Every structure is written in C-alpha cells, then in structure tokens.
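Participant: Right, I'll just put the structure down here and ask away after.
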Amino acid sequence: MAETHPIRTFVVRAGRMTDAQKRALELHGPNFIIPYSKQKTDFECFFDEKKPLVAEIGFGMGQATWQIAVQRTEFNYLGIEVHTPGVGRLVMEIANHEIKNLKIIQHDAVEVFENMVPDASLAGIHLFYPDPWPKKRHHKRRIVRPELVSLFASKLAPGGYFYFVTDVEEYAISSLSVLSENPQLRNPFGGFAPRQEWRPETKFEKRAKIAGAEQAAWELYFIRSGS
Ligand SMILES: C[S@@+](CC[C@H](N)C(=O)[O-])C[C@H]1O[C@@H](n2cnc3c(N)ncnc32)[C@H](O)[C@@H]1O
C-alpha cells in the first residue's frame with residue numbers, strides 16, 4: 001500500500017548552530033529533551049514536581065517559552081519544535097537559568113499530539129506566531145485548520161485554554177472563525193482577546209510598536225468546554 005504523506009505545517013530549515021548551542025545540546029540535551037515515541041505518555045514522570053501541563057507548539061528560538069516558565073511557575077511546560085538551532089538555544093536557556101518546569105520534544109507537534117499526548121490531559125496550549133503560510137495555495141499547511149484544532153482541543157482538559165497570537169491580520173481573522181466553529185471550545189471574550197500580561201513581548205512586537213503599527217499582535221484565547 002502506498003504510504004500517505006501528511007501535509008506538514010513546517011519546512012525543515014537547515015539553520016546554523018552556534019558552538020554554544022551545539023555544546024548545550026551535547027551536554028544537557030539528554031536531561032531536558034524527552035524522546036519522541038508513538039506511545040501515550042504520562043509526562044509527569046519527566047518533571048520534579050507534579051503540576052498542570054501546558055504545551056507550546058513551535059517555540060522557535062524559545063525566548064517566550066523560558067521566560068514564561070520562569071514567571072508562571074505554577075505550571076509545567078512542554079515545548080515542541082522541529083528546528084534544531086532553536087532546540088539548542090532553549091536547552092542552553094534551561095541550563096543557564098536552572099529551569100525545572102520546562103522540557104522539550106524535538107518532533108512534529110501534530111504527531112506528538114496524535115500519538116503521545118493523552119486526551120483531556122493539558123491545562124493549556126500556546127501557539128505564538130505560527131507560520132502564516134500567506135499564499136492561498138499554502139493555506140492547507142496552516143496549523144490553525146479545522147482538523148488540527150479538533151485534535152488540539154481534544155487534548156485539553158475541561159477548562160484548559162488555547163492561546164494563539166499572530167501578527168498577520170488575515171490569519172487572525174480566519175483563525176477566529178476556525179476556533180469559533182469548534183464545538184469543544186468557547187470564547188470567553190467574544191472576539192479577539194486582550195493580551196495576557198504574562199506573555200513576554202517579542203522583538204517583532206516591540207519593533208512594530210516603534211514603527212507606529214496600530215496593532216502588533218492579534219490574540220485569541222479559547223477555553224475547552226465541559227466539566
Ligand atoms: C514563525 S515561527 C514562530 C516561533 C515562535 N513561536 C515565536 O513566537 O517566535 C514558527 C515555528 O513553528 C515551528 N513549527 C511549525 N510547525 C510545527 C510543527 N508541526 N511541529 C513543531 N514545530 C513546528 C517552526 O519550525 C518555526 O520554528
């Protein structure tokens with residue numbers, strides 16, 4: 001039978017690693033990186049303390065990721081990213097800041113959600129500045145599309161949140177309707193959400209503000225229904 005090729009939400013970029021990132025990966029990778037597996041996984045055993053788990057999809061270089069983990073210590077965090085230099089960078093930050101409540105999986109987040117994350121197990125999902133795939137013919141690669149939103153929603157515990165931020169207005173508007181149409185999610189804000197004060201501002205937002213942009217980020221914050 002012919003193998004099916006899933007439509008990936010990313011392209012694997014080569015990307016150069018700095019020596020520090022390489023060293024960090026060799027030295028600390030095994031302590032902070034959870035190997036991908038096709039088994040449903042109890043993530044609690046990877047953390048020192050038992051806390052509700054928040055997963056981040058596509059953390060890039062991980063700047064917001066580690067800052068949130070340091071500030072909002074009431075949660076454990078699972079950062080998922082495919083890009084090796086970003087993984088190296090975040091491993092370095094975890095080691096430098098001695099962060100105990102953040103671990104990494106280097107793999108396609110869609111497969112991690114499908115195969116590893118148990119249903120109704122997450123307290124939250126972060127999706128910050130996902131690739132917007134601006135060309136119409138590439139919209140099928142967007143991570144905010146109905147079937148993936150259903151997958152993500154099914155992994156949230158009742159009351160868990162899905163927090164999405166983008167700087168692309170058209171992606172924000174289409175995501176608002178995709179998320180609103182999901183029967184498992186409800187929108188406590190009606191439309192776009194206010195900024196969550198604990199989310200650090202990225203360099204893109206700072207730059208956009210300096211350049212006088214009216215809005216540098218569109219935010220969506222939905223809650224998994226049920227009790
Ligand atoms: C535009 S970047 C944004 C990075 C970061 N969230 C930020 O705010 O700077 C999107 C990132 O998502 C990652 N990504 C996209 N789809 C992914 C997937 N299915 N699994 C893991 N990472 C993914 C890409 O490798 C890329 O690093």
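Within each chain, counting starts at residue 1; across the structure tokens, chains are named A, B, ... in the order shown, with ligands numbered 1 upward in that order.
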Hey, what's within 9 Å of range 43-47 of chain A if we count only C-alpha atoms and toss same-chain stuff fewer than 6 positions away? As a list in words, please?

Facilitator: Phe32, Ile34, Leu53, Asn76, Leu78, Lys100, Asn101, Leu102, Lys103 and Val117 of chain A

Participant: If you run DSSP on the backbone, which residues of range 20-198 of chain A are strand (DSSP E or B), as a PyMOL selection string?

Facilitator: chain A and resi 33+53-57+76-80+102-105+122-128+156-166+185-186

Participant: Name each residue within 10 Å of ligand 1, counting only C-alpha atoms and all ligand atoms, as a PyMOL selection string.

Facilitator: chain A and resi 7-13+56-65+79-87+105-113+126-133+141-143+164-167+200-204

Participant: What are the DSSP alpha helix (DSSP H) residues of range 94-124 of chain A, as a PDB file with all heavy atoms, in the first residue's frame?

Facilitator:
ATOM      1  N   ILE A  94      17.547  26.731  29.441  1.00  0.00           N
ATOM      2  CA  ILE A  94      17.066  25.907  30.568  1.00  0.00           C
ATOM      3  C   ILE A  94      18.233  25.638  31.526  1.00  0.00           C
ATOM      4  O   ILE A  94      18.090  25.729  32.749  1.00  0.00           O
ATOM      5  CB  ILE A  94      16.452  24.574  30.070  1.00  0.00           C
ATOM      6  CG1 ILE A  94      15.212  24.822  29.218  1.00  0.00           C
ATOM      7  CG2 ILE A  94      16.084  23.673  31.254  1.00  0.00           C
ATOM      8  CD1 ILE A  94      14.619  23.554  28.583  1.00  0.00           C
ATOM      9  N   ALA A  95      19.401  25.328  30.935  1.00  0.00           N
ATOM     10  CA  ALA A  95      20.582  25.047  31.769  1.00  0.00           C
ATOM     11  C   ALA A  95      21.027  26.321  32.486  1.00  0.00           C
ATOM     12  O   ALA A  95      21.232  26.321  33.703  1.00  0.00           O
ATOM     13  CB  ALA A  95      21.700  24.487  30.898  1.00  0.00           C
ATOM     14  N   ASN A  96      21.162  27.433  31.754  1.00  0.00           N
ATOM     15  CA  ASN A  96      21.657  28.683  32.352  1.00  0.00           C
ATOM     16  C   ASN A  96      20.767  29.177  33.485  1.00  0.00           C
ATOM     17  O   ASN A  96      21.242  29.695  34.481  1.00  0.00           O
ATOM     18  CB  ASN A  96      21.732  29.805  31.304  1.00  0.00           C
ATOM     19  CG  ASN A  96      22.865  29.558  30.324  1.00  0.00           C
ATOM     20  OD1 ASN A  96      23.726  28.713  30.576  1.00  0.00           O
ATOM     21  ND2 ASN A  96      22.865  30.276  29.206  1.00  0.00           N
ATOM     22  N   ALA A 109       4.859  18.583  16.028  1.00  0.00           N
ATOM     23  CA  ALA A 109       3.889  18.697  17.122  1.00  0.00           C
ATOM     24  C   ALA A 109       2.581  17.963  16.803  1.00  0.00           C
ATOM     25  O   ALA A 109       1.918  17.454  17.719  1.00  0.00           O
ATOM     26  CB  ALA A 109       3.600  20.172  17.408  1.00  0.00           C
ATOM     27  N   VAL A 110       2.221  17.906  15.532  1.00  0.00           N
ATOM     28  CA  VAL A 110       0.965  17.229  15.177  1.00  0.00           C
ATOM     29  C   VAL A 110       1.065  15.750  15.577  1.00  0.00           C
ATOM     30  O   VAL A 110       0.156  15.191  16.192  1.00  0.00           O
ATOM     31  CB  VAL A 110       0.670  17.391  13.666  1.00  0.00           C
ATOM     32  CG1 VAL A 110      -0.527  16.556  13.253  1.00  0.00           C
ATOM     33  CG2 VAL A 110       0.448  18.872  13.327  1.00  0.00           C
ATOM     34  N   GLU A 111       2.213  15.135  15.282  1.00  0.00           N
ATOM     35  CA  GLU A 111       2.390  13.724  15.642  1.00  0.00           C
ATOM     36  C   GLU A 111       2.535  13.540  17.153  1.00  0.00           C
ATOM     37  O   GLU A 111       2.090  12.534  17.705  1.00  0.00           O
ATOM     38  CB  GLU A 111       3.608  13.137  14.913  1.00  0.00           C
ATOM     39  CG  GLU A 111       3.346  13.050  13.423  1.00  0.00           C
ATOM     40  CD  GLU A 111       4.443  12.337  12.650  1.00  0.00           C
ATOM     41  OE1 GLU A 111       5.490  12.013  13.249  1.00  0.00           O
ATOM     42  OE2 GLU A 111       4.234  12.104  11.453  1.00  0.00           O
TER      43      GLU A 111
END

Participant: Using only C-alpha atoms, which protein or nucleic acid residues come within 6 Å of Ile223 in chain A? Drop anything in the same chain fewer than 3 positions from it, and give the result as a PyMOL selection string.

Facilitator: chain A and resi 159-161+185-186

Participant: Could you state the separation of CA of Glu98 in chain A and CA of Asn31 in chain A in Å, given to one decimal place?

Facilitator: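 According to the coordinates, CA of Glu98 in chain A and CA of Asn31 in chain A are separated by 11.6 Å.
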
Participant: Give me, as an NGL selection string, all polymer residues having an atom no more than 10 Å from Leu220 in chain A, counting only C-alpha atoms and skipping those fewer than 3 positions away in the same chain.

Facilitator: :A and (127 or 162-166 or 172-173 or 175-176 or 179 or 187-195 or 217)

Participant: So the first atom is CA of Met92 in chain A and the second is CA of Lys38 in chain A; what is the distance between them in Å, to one decimal place?

Facilitator: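 Taking CA of Met92 in chain A as the start and CA of Lys38 in chain A as the end point, the length is 26.9 Å.
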
Participant: Using CA of Lys140 in chain A and CA of Glu170 in chain A as the two end points, give the distance in Å to one decimal.

Facilitator: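 These two atoms are separated by 14.7 Å.
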
Participant: Write out as a list of chain:residue names each polymer residue whose atoms come within 10 Å of Gln184 in chain A, counting only C-alpha atoms; drop sequence neighbours fewer than 3 positions from it.

Facilitator: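 So the residues in contact are A:Val149, A:Ser150, A:Ala153, A:Ser154, A:Leu156, A:Pro158, A:Leu179, A:Ser180, A:Glu181, A:Phe222, A:Ile223, A:Arg224, A:Ser225, A:Gly226.
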
Participant: Could you tell me which of A:Ser177, A:Asn115, A:Asn182, A:Gln21 comes closest to Tyr36 in chain A if we count only C-alpha atoms?

Facilitator: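 Comparing A:Ser177, A:Asn115, A:Asn182, A:Gln21 against Tyr36 in chain A, the winner is A:Asn115.
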
Participant: Which is closer to Pro35 in chain A than all the others in A:Arg137, A:Met116, A:Tyr221, A:Thr73, using only C-alpha atoms?

Facilitator: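 Among A:Arg137, A:Met116, A:Tyr221, A:Thr73, it is A:Met116 that comes nearest to Pro35 in chain A.
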